[in-house]
Amino acid sequence: MELVSPSIGLVFWTLVTFLFLLLLLRKFAWKPILGAIHDRERSIETALASAEHAKDEMQRLTNENEQLLKEARAERDKILKEAKELKDQIVNDAKKQAQTEGAKLIETARHEIETQKAAALDEVKNQVATLSLEIAEKILRKQFEDKDKQQALVGDLLKEVKLN
Amino acid sequence: MYLSYILNSKKIALGAIFALFFAFVTSEVSAQDSANAVPEMVVKEVNPEHAEEKFDPAVTILEHIGDAHSWHLWGHTSLHLPVILYTPAGIEIFCSGEFLNEHHESRDYTGKYHTYRNVAEHIKIVGTDGNIDEAASAQIIDLSITKNVAAMLISVAVILLIFISVAGTYKKRANKAPKGLQSWVEPIVIFVRDDIAKPNIGYKYERFMPYLLTVFFFIWVNNLMGLIPIFPGSANVTGNIAVTFVLSVIVLIIVNINGNKYYWGHIFKPDVPWWLLPIMWVVEITSVLSKPFALMIRLFANITAGHIIVLSLISLIFIFKTLAMAPVSIAFVLFMDILELLVGFLQAFIFTMLTALFIGTAIEEHHH
């Protein structure tokens with residue numbers, strides 16, 4: 001029974017010691033320790049959250065850059081396409097104009113040729129007429145140089161008239 | 001129902017087995033005692049110090065696990081602790097060494113008001129006729145710094161040293177990873193917070209953290225100090241019913257002053273027919289008292305049982321009076337000491353956890 005009967009002295013000292021320990025530790029140990037642990041946990045949490053935030057921000061920026069790049073590429077393609085179209089058009093226009101111009105020139109040339117040809121033919125006709133007359137004159141002159149022949153001819157002509 | 005905690009404890013079962021074993025050994029020894037009682041009595045009277053006394057393990061063990069006014073160090077060397085007596089005539093303070101003469105024999109000490117005698121570590125007043133005056137003895141209150149008080153003060157000093165220095169480290173190394181002693185302490189503090197306080201108390205746990213941490217480390221450090229067989233340890237502080245009594249009374253007070261209306265409503269207005277109420281009051285109040293009572297008995301019995309087992313194993317050497325027994329004893333003691341390291345932590349944990357659980361049930365909000 002000695003073992004299970006608490007002695008007053010020990011009860012008193014235990015109470016005093018324990019309360020003393022509790023007060024001292026609460027003020028000088030638990031408050032700073034728990035506070036520091038709490039603060040540290042907070043700061044780790046905040047750090048993790050801000051890292052996550054930074055990651056998101058980074059992702060956003062990357063996406064934005066990609067978007068910009070894509071847009072720039074599209075713009076460039078568009079400009080190139082337009083330039084090509086413009087070039088094609090200019091070339092086409094030039095071709096068309098040259099064609100028209102050429103056709104016109106050819107037309108003028110043909111007209112001129114026709115005119116020249118007509119003029120030349122006229123000239124040739126005149127020359128032929130003149131030559132024919134001269135030749136006929138020369139032949140006639142030759143024919144009528146002797147009197148016999150002229151008589152014969154008149155005789156023939158007269159014969160012919162008699163018949164009629 | 002809360003008393004079942006006591007029976008559930010394996011240590012108690014172990015303690016019971018050893019108690020049986022112990023009773024067997026004791027009865028055998030006392031049988032031998034009675035056989036050669038007469039010559040021994042003679043020997044004792046001739047020279048009680050140097051004669052080879054019959055070894056009685058029960059006496060030795062109870063002496064070791066009990067409290068004392070002096071702290072035995074080795075051989076005849078003891079640390080004599082101060083005796084403080086509150087007598088109706090006034091306070092009496094003297095050294096417990098006064099109870100021994102220069103030959104280390106016990107003697108009476110005459111103080112300012114009375115003459116005192118140390119009867120099995122109880123200070124009694126000796127009347128003028130040389131006999132103990134029981135009526136006067138009953139009136140004195142022994143507030144001595146006994147072995148247990150001194151051991152407890154040493155443990156408290158150790159705890160204060162550790163935690164105040166760790167608190168300093170926390171201030172110096174704010175928001176940095178723990179280092180040194182701090183990294184040893186921090187997991188345990190977080191263990192008490194996250195595994196004891198939070199799950200059992202709920203979101204209001206912060207208010208109870210200082211108490212829970214203090215009681216946890218107080219019990220644990222005292223348990224560990226009790227395992228050291230030489231001077232700064234060896235006292236059976238947490239295995240003393242007075243210490244566990246104070247700790248459980250504090251639990252009783254903390255739980256009940258924090259009890260909310262649901263807690264008290266459950267005790268005084270349970271959902272039973274009105275004519276059952278008086279019986280329920282008795283049952284509920286018994287349950288309120290039995291919770292801390294179970295805490296008190298559990299801690300006391302576990303730690304005392306551990307000390308008794310270790311001392312019994314050591315006693316085997318002296319019972320068999322042969323050195324050949326020593327390796328066996330040492331092997332078993334080593335095993336027990338390792339087990340006690342675990343038990344020391346476990347009991348601190350169980351005490352703290354059940355305290356947290358009781359606080360939790362007292363402050364729990366019910367949503368019907």
# chains A, B, ... in the order shown; residues from 1 in each chain; ligands from 1

$ interface_residues --of "chain A" --to "chain B" --cutoff "10 Å" --atoms "only C-alpha atoms" --output "ChimeraX atom specification"
/A:2-44
